[in-house]
Amino acid sequence: MYVASKMPSHHGCSGWTEMLPPRVANAALDSAVTADVAIIGGGFAGLSAARQLTRRDPTLKVVLLEAGTVGEGASGRNSGFIIDLPHEVSAEGLGGGSLDRARRDITLYRTAIDMGRELAEEHGWSKEVFDTCGRFSVARGTQGDEHILSYARQLDALGEPYELLDTRQIGAVTGSPAYTSGLFMPGTVMIQPAAYVRRFANALAGALRVYEQTPALSFKQVGGAWVIKTPKGVVTAGKIILANNGHAQSFGFFKGQLLHVFTYASLTERFDPKRLPGQRTWAATPALPMGTTVRRISDGDGDRILVRWRYSYNPSLTIGDSQVDSAGRVHDGKFLTRFPSLKGLRMEYRWGGPMALTWNSVPAFGEVDRGVFAACGCNGLGASKSSAAGIAAADQALGVRSELVEIFSGFDKPRQLPPQPFLTIGAKANMKFKEWRAGDE
C-alpha cells in the first residue's frame with residue numbers, strides 16, 4: 001500500500017492564473033468509479049498521458065485526478081517555453097555521441113510540441129495561448145556572446161536553423177539597450193501556461209473523466225486492480241500513471257533520488273506599449289545557464305514583462321513569503337538594468353514553482369510497481385520534457401513500444417543522492433556558484 005506523506009501545496013497564485021478569468025473547475029470525485037487507467041496529476045505529463053491513451057484506444061475508461069485546480073499547480077507556474085532544442089548540445093565539444101543525444105532530445109521535445117500544435121489547431125486556440133513564434137537566447141557581455149557563437153556552431157552540426165543578431169538587432173526586438181547579442185531559434189513554442197493547461201483539460205472532456213480538488217491519498221493492490229483512495233471517493237483501476245513529478249516521492253517512489261528545486265518569477269503590471277520600443281511579444285532565455293529569462297507579453301491593449309531568475313533547494317516541497325520576496329528584490333534590479341525606460345513600473349505578481357531534478361539529469365520514468373508507471377523527474381524544461389514523458393508513459397502502460405518508449409527506456413536510472421547534510425550543503429553551494437558564474441546574464 002502506498003500512502004501519501006504530504007499533499008501538493010502551492011504558495012500564492014501565479015500571475016498567469018491571475019490574468020485569466022476564474023476557472024469553473026470539474027467536480028471533485030465523491031463516489032466509487034472504475035477505470036482501465038487512472039492518472040495522478042493534471043499538469044503537462046498527466047494531460048499528455050491522458051490524450052495519448054484516448055488516441056491509442058478511444059474505448060479505454062480513463063480517470064484523471066488533480067489534487068488542486070487545473071492550471072494552478074506547477075505546470076501553470078511555468079515560464080511558458082515549449083523548447084525544441086537542448087540548452088546545451090555538449091559540454092565536451094561536438095563529438096558524435098553528443099550530437100546523437102541532442103537529436104534524441106529534439107525528438108522528445110518536438111513530439112511534445114506536435115501534440116500541443118494538434119490541440120491548438122483542433123480547438124482554434126489563439127496566439128495568446130499557443131504561439132509558434134520561436135525564442136531568443138540573449139547575452140549581456142563577452143562571455144555570453146562567446147557562448148552564443150559556440151552554440152550556433154553546435155546548431156550548424158545538427159543542421160538546425162537559427163539567426164544571429166548583433167547589439168542593434170536584438171535591441172530592436174527587445175527594446176532594451178542591455179543585450180550585446182542574440183540568437184533566434186524558430187522552433188520554440190510560447191504558451192500562456194495556465195491557459196494552455198486549462199484548455200488542454202477542457203479539450204479532453206468526453207474522452208475521459210477529469211476530477212479536480214481530488215488528491216490521491218493512497219493506493220493499494222487488491223486482486224489484479226489498484227484501489228485509489230481520495231478524500232470522498234475511490235477509483236478502482238487496472239493501471240496507474242504517476243504524473244505528479246516530485247510528489248511521486250510522497251508515495252515512497254524514487255526515495256533519495258529526487259532533488260526538489262524551486263524557481264521564481266515576477267510579472268509587471270500592465271503598461272502602455274508606447275513606453276517600450278521593440279516587438280510587443282517575444283521571449284528570451286539567457287545565453288549562460290542560471291541566467292535571467294525574460295518575456296514581453298501582450299495583454300489586451302497593454303503589455304507586461306516577466307522576469308524569471310533564482311533557484312532554491314526545498315526538500316519540503318514548499319516555499320514561503322521570504323523566499324519569494326528575496327528573489328523578487330533581485331528581479332527588480334534585473335528588470336531595471338534591462339528596461340531603464342520603464343523605471344517606476346511595479347511588479348504586480350510574484351511566485352515560485354517546483355521542479356524535480358535527478359543527480360544524473362535523467363527522468364524518473366518507467367514501471368515502478370506492477371501496473372504503476374511513472375512520468376516524473378522533469379529536470380527543467382517541464383513543458384517539453386514532462387509532456388513527452390506523459391506520452392511515453394501512456395504508450396508503455398498500453399504495451400506499445402513506440403520511439404518515445406524506446407528513448408525513455410534507454411535512459412540510465414536516477415542515481416542515489418548524497419546523504420544529508422551533504423546533500424543540502426552541496427545543492428545550495430552548487431546553485432549559488434552557478435548563479436554567481438552567470439553574473440547578470
# chains A, B, ... in the order shown; residues from 1 in each chain; ligands from 1
call {"tool": "residues_around", "arguments": {"residues": "region 337-347 of chain A", "least_positions_apart": "6", "cutoff": "10 Å", "atoms": "only C-alpha atoms", "output": "list in words"}}
result
Arg140, Thr174, Gly175, Ser176, Pro177, Ala178, Tyr179, Ser266, Leu267, Thr268, Glu269, Arg270, Phe271, Arg275, Leu276, Pro277, Val294, Arg304, Ile305, Leu306, Val307, Gly328, His331 and Asp440 of chain A
call {"tool": "residues_around", "arguments": {"residues": "Glu406 (chain A)", "least_positions_apart": "4", "cutoff": "12 Å", "atoms": "only C-alpha atoms", "output": "MDAnalysis selection string"}}
result
chainID A and resid 104 107:108 365:366 389 392:393 395:396 399:402 410:411
call {"tool": "write_last_selection", "arguments": {"atoms": "all heavy atoms", "output": "mmCIF file, in the first residue's frame"}}
result
data_model
loop_
_atom_site.group_PDB
_atom_site.id
_atom_site.type_symbol
_atom_site.label_atom_id
_atom_site.label_comp_id
_atom_site.auth_asym_id
_atom_site.auth_seq_id
_atom_site.Cartn_x
_atom_site.Cartn_y
_atom_site.Cartn_z
ATOM 1 N N ARG A 104 18.264 12.916 -29.978
ATOM 2 C CA ARG A 104 17.299 12.195 -29.134
ATOM 3 C C ARG A 104 16.417 13.177 -28.385
ATOM 4 O O ARG A 104 15.183 13.044 -28.361
ATOM 5 C CB ARG A 104 18.053 11.304 -28.151
ATOM 6 C CG ARG A 104 17.205 10.638 -27.092
ATOM 7 C CD ARG A 104 18.045 10.285 -25.875
ATOM 8 N NE ARG A 104 18.524 11.481 -25.190
ATOM 9 C CZ ARG A 104 19.452 11.483 -24.226
ATOM 10 N NH1 ARG A 104 20.027 10.340 -23.854
ATOM 11 N NH2 ARG A 104 19.811 12.605 -23.647
ATOM 12 N N THR A 107 13.900 14.934 -30.568
ATOM 13 C CA THR A 107 12.745 14.080 -30.860
ATOM 14 C C THR A 107 11.716 14.155 -29.739
ATOM 15 O O THR A 107 10.509 14.280 -29.996
ATOM 16 C CB THR A 107 13.189 12.624 -31.057
ATOM 17 O OG1 THR A 107 14.061 12.541 -32.187
ATOM 18 C CG2 THR A 107 11.994 11.706 -31.271
ATOM 19 N N LEU A 108 12.177 14.103 -28.495
ATOM 20 C CA LEU A 108 11.264 14.193 -27.358
ATOM 21 C C LEU A 108 10.527 15.524 -27.360
ATOM 22 O O LEU A 108 9.297 15.581 -27.240
ATOM 23 C CB LEU A 108 12.036 14.042 -26.042
ATOM 24 C CG LEU A 108 12.770 12.734 -25.786
ATOM 25 C CD1 LEU A 108 13.444 12.775 -24.414
ATOM 26 C CD2 LEU A 108 11.822 11.555 -25.867
ATOM 27 N N PHE A 365 11.373 7.564 -14.650
ATOM 28 C CA PHE A 365 10.403 7.046 -15.616
ATOM 29 C C PHE A 365 10.361 5.526 -15.549
ATOM 30 O O PHE A 365 11.357 4.864 -15.268
ATOM 31 C CB PHE A 365 10.801 7.481 -17.031
ATOM 32 C CG PHE A 365 9.900 6.951 -18.113
ATOM 33 C CD1 PHE A 365 8.757 7.643 -18.481
ATOM 34 C CD2 PHE A 365 10.186 5.748 -18.742
ATOM 35 C CE1 PHE A 365 7.921 7.149 -19.471
ATOM 36 C CE2 PHE A 365 9.356 5.252 -19.737
ATOM 37 C CZ PHE A 365 8.219 5.952 -20.098
ATOM 38 N N GLY A 366 9.196 4.992 -15.857
ATOM 39 C CA GLY A 366 9.087 3.555 -16.060
ATOM 40 C C GLY A 366 8.135 2.884 -15.095
ATOM 41 O O GLY A 366 7.472 3.530 -14.274
ATOM 42 N N ALA A 389 7.277 12.812 -21.533
ATOM 43 C CA ALA A 389 7.259 11.688 -20.590
ATOM 44 C C ALA A 389 5.848 11.149 -20.416
ATOM 45 O O ALA A 389 5.641 9.931 -20.309
ATOM 46 C CB ALA A 389 7.829 12.123 -19.243
ATOM 47 N N ALA A 392 5.015 9.015 -23.423
ATOM 48 C CA ALA A 392 5.729 7.748 -23.373
ATOM 49 C C ALA A 392 5.158 6.821 -22.300
ATOM 50 O O ALA A 392 5.058 5.603 -22.513
ATOM 51 C CB ALA A 392 7.216 8.000 -23.119
ATOM 52 N N ALA A 393 4.783 7.384 -21.141
ATOM 53 C CA ALA A 393 4.215 6.556 -20.071
ATOM 54 C C ALA A 393 2.901 5.934 -20.511
ATOM 55 O O ALA A 393 2.597 4.777 -20.171
ATOM 56 C CB ALA A 393 4.010 7.397 -18.815
ATOM 57 N N ASP A 395 2.070 5.146 -23.602
ATOM 58 C CA ASP A 395 2.396 4.055 -24.515
ATOM 59 C C ASP A 395 2.916 2.839 -23.755
ATOM 60 O O ASP A 395 2.540 1.690 -24.050
ATOM 61 C CB ASP A 395 3.441 4.521 -25.531
ATOM 62 C CG ASP A 395 2.833 5.324 -26.675
ATOM 63 O OD1 ASP A 395 1.595 5.319 -26.812
ATOM 64 O OD2 ASP A 395 3.601 5.959 -27.421
ATOM 65 N N GLN A 396 3.767 3.079 -22.772
ATOM 66 C CA GLN A 396 4.310 1.957 -22.014
ATOM 67 C C GLN A 396 3.202 1.228 -21.257
ATOM 68 O O GLN A 396 3.190 -0.007 -21.184
ATOM 69 C CB GLN A 396 5.388 2.437 -21.045
ATOM 70 C CG GLN A 396 6.159 1.288 -20.393
ATOM 71 C CD GLN A 396 7.258 1.781 -19.484
ATOM 72 O OE1 GLN A 396 7.022 2.582 -18.602
ATOM 73 N NE2 GLN A 396 8.477 1.288 -19.692
ATOM 74 N N GLY A 399 1.541 -1.106 -23.453
ATOM 75 C CA GLY A 399 2.388 -2.118 -24.072
ATOM 76 C C GLY A 399 2.836 -1.768 -25.473
ATOM 77 O O GLY A 399 3.236 -2.645 -26.243
ATOM 78 N N VAL A 400 2.801 -0.473 -25.819
ATOM 79 C CA VAL A 400 3.222 -0.014 -27.152
ATOM 80 C C VAL A 400 4.704 0.346 -27.113
ATOM 81 O O VAL A 400 5.118 1.190 -26.318
ATOM 82 C CB VAL A 400 2.392 1.212 -27.588
ATOM 83 C CG1 VAL A 400 2.888 1.727 -28.933
ATOM 84 C CG2 VAL A 400 0.913 0.860 -27.665
ATOM 85 N N ARG A 401 5.505 -0.275 -27.962
ATOM 86 C CA ARG A 401 6.944 0.020 -27.998
ATOM 87 C C ARG A 401 7.202 1.132 -29.012
ATOM 88 O O ARG A 401 7.768 0.932 -30.091
ATOM 89 C CB ARG A 401 7.736 -1.231 -28.366
ATOM 90 C CG ARG A 401 7.651 -2.347 -27.354
ATOM 91 C CD ARG A 401 8.193 -1.936 -26.003
ATOM 92 N NE ARG A 401 9.623 -1.618 -26.056
ATOM 93 C CZ ARG A 401 10.334 -1.282 -24.985
ATOM 94 N NH1 ARG A 401 9.740 -1.176 -23.794
ATOM 95 N NH2 ARG A 401 11.610 -1.019 -25.090
ATOM 96 N N SER A 402 6.776 2.330 -28.672
ATOM 97 C CA SER A 402 6.942 3.481 -29.557
ATOM 98 C C SER A 402 8.372 4.012 -29.482
ATOM 99 O O SER A 402 9.166 3.605 -28.614
ATOM 100 C CB SER A 402 5.971 4.584 -29.159
ATOM 101 O OG SER A 402 6.240 5.035 -27.838
ATOM 102 N N GLY A 410 15.779 3.879 -22.556
ATOM 103 C CA GLY A 410 17.227 3.849 -22.734
ATOM 104 C C GLY A 410 18.002 4.744 -21.786
ATOM 105 O O GLY A 410 19.236 4.636 -21.698
ATOM 106 N N PHE A 411 17.304 5.617 -21.053
ATOM 107 C CA PHE A 411 17.996 6.452 -20.071
ATOM 108 C C PHE A 411 18.491 5.607 -18.903
ATOM 109 O O PHE A 411 17.881 4.593 -18.547
ATOM 110 C CB PHE A 411 17.051 7.529 -19.518
ATOM 111 C CG PHE A 411 16.815 8.693 -20.442
ATOM 112 C CD1 PHE A 411 15.610 8.820 -21.116
ATOM 113 C CD2 PHE A 411 17.791 9.659 -20.631
ATOM 114 C CE1 PHE A 411 15.372 9.895 -21.964
ATOM 115 C CE2 PHE A 411 17.570 10.742 -21.479
ATOM 116 C CZ PHE A 411 16.355 10.850 -22.153
#
call {"tool": "closest_residue", "arguments": {"among": "A:Val37, A:Leu53, A:Val24, A:Met185", "to": "Val138 (chain A)", "atoms": "only C-alpha atoms"}}
result
A:Met185
call {"tool": "residues_around", "arguments": {"residues": "region 372-380 of chain A", "least_positions_apart": "3", "cutoff": "8 Å", "atoms": "only C-alpha atoms", "output": "mmCIF file with N, CA, C and O atoms, in the first residue's frame"}}
result
data_model
loop_
_atom_site.group_PDB
_atom_site.id
_atom_site.type_symbol
_atom_site.label_atom_id
_atom_site.label_comp_id
_atom_site.auth_asym_id
_atom_site.auth_seq_id
_atom_site.Cartn_x
_atom_site.Cartn_y
_atom_site.Cartn_z
ATOM 1 N N ALA A 45 2.412 16.442 -17.848
ATOM 2 C CA ALA A 45 2.601 14.996 -18.022
ATOM 3 C C ALA A 45 1.274 14.264 -17.983
ATOM 4 O O ALA A 45 1.001 13.404 -18.830
ATOM 5 N N LYS A 239 -4.537 0.060 -14.125
ATOM 6 C CA LYS A 239 -3.187 0.614 -14.151
ATOM 7 C C LYS A 239 -3.211 2.044 -13.654
ATOM 8 O O LYS A 239 -4.248 2.708 -13.681
ATOM 9 N N ILE A 240 -2.046 2.508 -13.209
ATOM 10 C CA ILE A 240 -1.889 3.878 -12.713
ATOM 11 C C ILE A 240 -0.709 4.518 -13.428
ATOM 12 O O ILE A 240 0.336 3.879 -13.628
ATOM 13 N N ILE A 241 -0.888 5.780 -13.802
ATOM 14 C CA ILE A 241 0.234 6.580 -14.278
ATOM 15 C C ILE A 241 0.472 7.696 -13.271
ATOM 16 O O ILE A 241 -0.423 8.494 -12.989
ATOM 17 N N LEU A 242 1.673 7.713 -12.701
ATOM 18 C CA LEU A 242 2.078 8.776 -11.779
ATOM 19 C C LEU A 242 2.629 9.936 -12.599
ATOM 20 O O LEU A 242 3.712 9.832 -13.182
ATOM 21 N N ALA A 243 1.872 11.026 -12.639
ATOM 22 C CA ALA A 243 2.282 12.212 -13.392
ATOM 23 C C ALA A 243 2.355 13.396 -12.444
ATOM 24 O O ALA A 243 1.950 14.508 -12.788
ATOM 25 N N ASN A 244 2.864 13.143 -11.247
ATOM 26 C CA ASN A 244 2.900 14.166 -10.196
ATOM 27 C C ASN A 244 4.314 14.592 -9.850
ATOM 28 O O ASN A 244 4.566 15.114 -8.760
ATOM 29 N N ASN A 245 5.250 14.382 -10.754
ATOM 30 C CA ASN A 245 6.628 14.863 -10.665
ATOM 31 C C ASN A 245 7.241 14.611 -9.289
ATOM 32 O O ASN A 245 7.301 13.464 -8.849
ATOM 33 N N GLY A 246 7.638 15.652 -8.558
ATOM 34 C CA GLY A 246 8.314 15.452 -7.281
ATOM 35 C C GLY A 246 7.467 14.767 -6.230
ATOM 36 O O GLY A 246 7.995 14.135 -5.308
ATOM 37 N N ALA A 248 5.769 12.174 -6.556
ATOM 38 C CA ALA A 248 5.870 10.724 -6.599
ATOM 39 C C ALA A 248 6.619 10.228 -5.367
ATOM 40 O O ALA A 248 6.342 9.145 -4.831
ATOM 41 N N LEU A 258 15.293 12.199 -5.905
ATOM 42 C CA LEU A 258 14.753 13.428 -6.480
ATOM 43 C C LEU A 258 15.211 14.644 -5.682
ATOM 44 O O LEU A 258 15.101 14.671 -4.457
ATOM 45 N N MET A 355 10.374 22.183 -9.353
ATOM 46 C CA MET A 355 10.912 21.246 -10.325
ATOM 47 C C MET A 355 11.439 20.039 -9.556
ATOM 48 O O MET A 355 11.784 20.149 -8.386
ATOM 49 N N ALA A 356 11.514 18.906 -10.216
ATOM 50 C CA ALA A 356 12.144 17.718 -9.637
ATOM 51 C C ALA A 356 13.329 17.331 -10.511
ATOM 52 O O ALA A 356 13.165 17.066 -11.702
ATOM 53 N N LEU A 357 14.512 17.337 -9.926
ATOM 54 C CA LEU A 357 15.737 17.025 -10.648
ATOM 55 C C LEU A 357 16.307 15.702 -10.157
ATOM 56 O O LEU A 357 16.045 15.278 -9.034
ATOM 57 N N THR A 358 17.095 15.074 -10.996
ATOM 58 C CA THR A 358 17.836 13.898 -10.573
ATOM 59 C C THR A 358 19.330 14.195 -10.683
ATOM 60 O O THR A 358 19.758 15.069 -11.443
ATOM 61 N N SER A 361 20.567 13.840 -14.105
ATOM 62 C CA SER A 361 19.747 14.539 -15.098
ATOM 63 C C SER A 361 18.984 13.595 -16.030
ATOM 64 O O SER A 361 18.826 13.874 -17.227
ATOM 65 N N VAL A 362 18.498 12.496 -15.478
ATOM 66 C CA VAL A 362 17.685 11.568 -16.254
ATOM 67 C C VAL A 362 16.269 11.572 -15.685
ATOM 68 O O VAL A 362 16.051 11.925 -14.524
ATOM 69 N N PRO A 363 15.272 11.185 -16.467
ATOM 70 C CA PRO A 363 13.907 11.173 -15.944
ATOM 71 C C PRO A 363 13.690 10.047 -14.939
ATOM 72 O O PRO A 363 14.376 9.019 -14.972
ATOM 73 N N ALA A 364 12.745 10.263 -14.053
ATOM 74 C CA ALA A 364 12.269 9.208 -13.156
ATOM 75 C C ALA A 364 11.088 8.565 -13.871
ATOM 76 O O ALA A 364 9.940 8.997 -13.725
ATOM 77 N N PHE A 365 11.373 7.564 -14.650
ATOM 78 C CA PHE A 365 10.403 7.046 -15.616
ATOM 79 C C PHE A 365 10.361 5.526 -15.549
ATOM 80 O O PHE A 365 11.357 4.864 -15.268
ATOM 81 N N GLY A 366 9.196 4.992 -15.857
ATOM 82 C CA GLY A 366 9.087 3.555 -16.060
ATOM 83 C C GLY A 366 8.135 2.884 -15.095
ATOM 84 O O GLY A 366 7.472 3.530 -14.274
ATOM 85 N N GLU A 367 8.050 1.578 -15.184
ATOM 86 C CA GLU A 367 7.143 0.801 -14.337
ATOM 87 C C GLU A 367 7.783 0.621 -12.967
ATOM 88 O O GLU A 367 8.793 -0.057 -12.820
ATOM 89 N N VAL A 368 7.213 1.236 -11.953
ATOM 90 C CA VAL A 368 7.788 1.248 -10.614
ATOM 91 C C VAL A 368 7.147 0.200 -9.709
ATOM 92 O O VAL A 368 7.661 -0.089 -8.622
ATOM 93 N N ASP A 369 6.041 -0.329 -10.094
ATOM 94 C CA ASP A 369 5.391 -1.483 -9.492
ATOM 95 C C ASP A 369 4.522 -2.072 -10.592
ATOM 96 O O ASP A 369 4.289 -1.427 -11.615
ATOM 97 N N LYS A 385 9.736 18.334 -21.558
ATOM 98 C CA LYS A 385 10.109 17.015 -21.058
ATOM 99 C C LYS A 385 8.943 16.289 -20.396
ATOM 100 O O LYS A 385 8.748 15.087 -20.598
ATOM 101 N N SER A 386 8.165 16.999 -19.577
ATOM 102 C CA SER A 386 7.059 16.338 -18.892
ATOM 103 C C SER A 386 5.988 15.890 -19.876
ATOM 104 O O SER A 386 5.402 14.812 -19.723
ATOM 105 N N ALA A 389 7.277 12.812 -21.533
ATOM 106 C CA ALA A 389 7.259 11.688 -20.590
ATOM 107 C C ALA A 389 5.848 11.149 -20.416
ATOM 108 O O ALA A 389 5.641 9.931 -20.309
ATOM 109 N N GLY A 390 4.855 12.033 -20.369
ATOM 110 C CA GLY A 390 3.476 11.580 -20.251
ATOM 111 C C GLY A 390 3.048 10.754 -21.451
ATOM 112 O O GLY A 390 2.383 9.716 -21.303
ATOM 113 N N ALA A 392 5.015 9.015 -23.423
ATOM 114 C CA ALA A 392 5.729 7.748 -23.373
ATOM 115 C C ALA A 392 5.158 6.821 -22.300
ATOM 116 O O ALA A 392 5.058 5.603 -22.513
ATOM 117 N N ALA A 393 4.783 7.384 -21.141
ATOM 118 C CA ALA A 393 4.215 6.556 -20.071
ATOM 119 C C ALA A 393 2.901 5.934 -20.511
ATOM 120 O O ALA A 393 2.597 4.777 -20.171
ATOM 121 N N GLN A 396 3.767 3.079 -22.772
ATOM 122 C CA GLN A 396 4.310 1.957 -22.014
ATOM 123 C C GLN A 396 3.202 1.228 -21.257
ATOM 124 O O GLN A 396 3.190 -0.007 -21.184
ATOM 125 N N ALA A 397 2.272 1.970 -20.687
ATOM 126 C CA ALA A 397 1.166 1.351 -19.955
ATOM 127 C C ALA A 397 0.315 0.479 -20.871
ATOM 128 O O ALA A 397 -0.266 -0.531 -20.424
#
call {"tool": "select_by_dssp", "arguments": {"residues": "region 92-299 of chain A", "states": "strand (DSSP E)", "output": "number ranges by chain"}}
result
A: 130-131, 135-139, 163-165, 181-185, 189-191, 209-211, 218-222, 225-229, 234-242, 259-268, 282-286, 293-299
call {"tool": "closest_residue", "arguments": {"among": "A:Ile82, A:Val129, A:Ile407, A:Ala237", "to": "Ile39 (chain A)", "atoms": "only C-alpha atoms"}}
result
A:Ala237
call {"tool": "residues_around", "arguments": {"residues": "Arg310 (chain A)", "least_positions_apart": "2", "cutoff": "8 Å", "atoms": "only C-alpha atoms", "output": "PDB file with all heavy atoms, in the first residue's frame"}}
result
ATOM      1  N   THR A 263      11.990  27.568  -8.695  1.00  0.00           N
ATOM      2  CA  THR A 263      12.447  28.744  -9.416  1.00  0.00           C
ATOM      3  C   THR A 263      11.370  29.821  -9.294  1.00  0.00           C
ATOM      4  O   THR A 263      10.220  29.513  -8.995  1.00  0.00           O
ATOM      5  CB  THR A 263      12.746  28.418 -10.894  1.00  0.00           C
ATOM      6  OG1 THR A 263      13.310  29.566 -11.531  1.00  0.00           O
ATOM      7  CG2 THR A 263      11.507  27.997 -11.630  1.00  0.00           C
ATOM      8  N   TYR A 264      11.738  31.083  -9.526  1.00  0.00           N
ATOM      9  CA  TYR A 264      10.881  32.211  -9.145  1.00  0.00           C
ATOM     10  C   TYR A 264      10.691  33.171 -10.311  1.00  0.00           C
ATOM     11  O   TYR A 264      11.578  33.343 -11.148  1.00  0.00           O
ATOM     12  CB  TYR A 264      11.499  32.951  -7.958  1.00  0.00           C
ATOM     13  CG  TYR A 264      11.671  32.064  -6.750  1.00  0.00           C
ATOM     14  CD1 TYR A 264      12.818  31.287  -6.597  1.00  0.00           C
ATOM     15  CD2 TYR A 264      10.683  31.974  -5.782  1.00  0.00           C
ATOM     16  CE1 TYR A 264      12.967  30.446  -5.505  1.00  0.00           C
ATOM     17  CE2 TYR A 264      10.831  31.144  -4.685  1.00  0.00           C
ATOM     18  CZ  TYR A 264      11.971  30.374  -4.557  1.00  0.00           C
ATOM     19  OH  TYR A 264      12.111  29.542  -3.478  1.00  0.00           O
ATOM     20  N   MET A 290      21.509  29.344 -15.751  1.00  0.00           N
ATOM     21  CA  MET A 290      21.175  30.004 -14.483  1.00  0.00           C
ATOM     22  C   MET A 290      21.088  31.515 -14.621  1.00  0.00           C
ATOM     23  O   MET A 290      21.060  32.243 -13.626  1.00  0.00           O
ATOM     24  CB  MET A 290      22.177  29.642 -13.376  1.00  0.00           C
ATOM     25  CG  MET A 290      22.339  28.166 -13.130  1.00  0.00           C
ATOM     26  SD  MET A 290      20.915  27.425 -12.338  1.00  0.00           S
ATOM     27  CE  MET A 290      21.206  27.868 -10.618  1.00  0.00           C
ATOM     28  N   ARG A 308      12.243  35.900 -14.831  1.00  0.00           N
ATOM     29  CA  ARG A 308      12.437  34.688 -14.026  1.00  0.00           C
ATOM     30  C   ARG A 308      13.921  34.513 -13.721  1.00  0.00           C
ATOM     31  O   ARG A 308      14.766  34.559 -14.622  1.00  0.00           O
ATOM     32  CB  ARG A 308      11.924  33.443 -14.756  1.00  0.00           C
ATOM     33  CG  ARG A 308      11.880  32.216 -13.831  1.00  0.00           C
ATOM     34  CD  ARG A 308      11.695  30.922 -14.605  1.00  0.00           C
ATOM     35  NE  ARG A 308      12.913  30.564 -15.323  1.00  0.00           N
ATOM     36  CZ  ARG A 308      13.006  29.492 -16.118  1.00  0.00           C
ATOM     37  NH1 ARG A 308      11.970  28.734 -16.333  1.00  0.00           N
ATOM     38  NH2 ARG A 308      14.151  29.226 -16.733  1.00  0.00           N
ATOM     39  N   SER A 312      16.155  27.657  -5.717  1.00  0.00           N
ATOM     40  CA  SER A 312      16.390  27.314  -4.317  1.00  0.00           C
ATOM     41  C   SER A 312      16.082  25.842  -4.095  1.00  0.00           C
ATOM     42  O   SER A 312      15.168  25.274  -4.714  1.00  0.00           O
ATOM     43  CB  SER A 312      15.521  28.179  -3.391  1.00  0.00           C
ATOM     44  OG  SER A 312      14.144  27.893  -3.552  1.00  0.00           O
ATOM     45  N   ALA A 327      13.812  36.626  -3.930  1.00  0.00           N
ATOM     46  CA  ALA A 327      14.016  36.534  -5.374  1.00  0.00           C
ATOM     47  C   ALA A 327      13.455  37.769  -6.073  1.00  0.00           C
ATOM     48  O   ALA A 327      14.053  38.298  -7.012  1.00  0.00           O
ATOM     49  CB  ALA A 327      13.355  35.269  -5.915  1.00  0.00           C
ATOM     50  N   GLU A 435      24.783  30.566 -10.119  1.00  0.00           N
ATOM     51  CA  GLU A 435      24.207  31.901 -10.207  1.00  0.00           C
ATOM     52  C   GLU A 435      25.306  32.964 -10.263  1.00  0.00           C
ATOM     53  O   GLU A 435      25.225  33.925 -11.020  1.00  0.00           O
ATOM     54  CB  GLU A 435      23.279  32.163  -9.020  1.00  0.00           C
ATOM     55  CG  GLU A 435      21.965  31.403  -9.098  1.00  0.00           C
ATOM     56  CD  GLU A 435      21.064  31.664  -7.897  1.00  0.00           C
ATOM     57  OE1 GLU A 435      21.541  32.328  -6.945  1.00  0.00           O
ATOM     58  OE2 GLU A 435      19.913  31.210  -7.895  1.00  0.00           O
TER      59      GLU A 435
END
call {"tool": "atom_distance", "arguments": {"atom1": "CA of Ala205 (chain A)", "atom2": "CA of Ala38 (chain A)"}}
result
15.4 Å
call {"tool": "atom_distance", "arguments": {"atom1": "CA of Phe408 (chain A)", "atom2": "CA of Asp105 (chain A)"}}
result
10.1 Å
call {"tool": "residues_around", "arguments": {"residues": "Val189 (chain A)", "least_positions_apart": "5", "cutoff": "10 Å", "atoms": "only C-alpha atoms", "output": "list in words"}}
result
Gly80, Phe81, Ile82, Ile83, Asp84, Arg110, Ile113, Gly116, Arg117, Lys127, Phe130, Asp131, Thr132, Cys133, Gly134, Arg135, Ala283 and Ser384 of chain A
call {"tool": "atom_distance", "arguments": {"atom1": "CA of Pro273 (chain A)", "atom2": "CA of Ile170 (chain A)"}}
result
17.8 Å
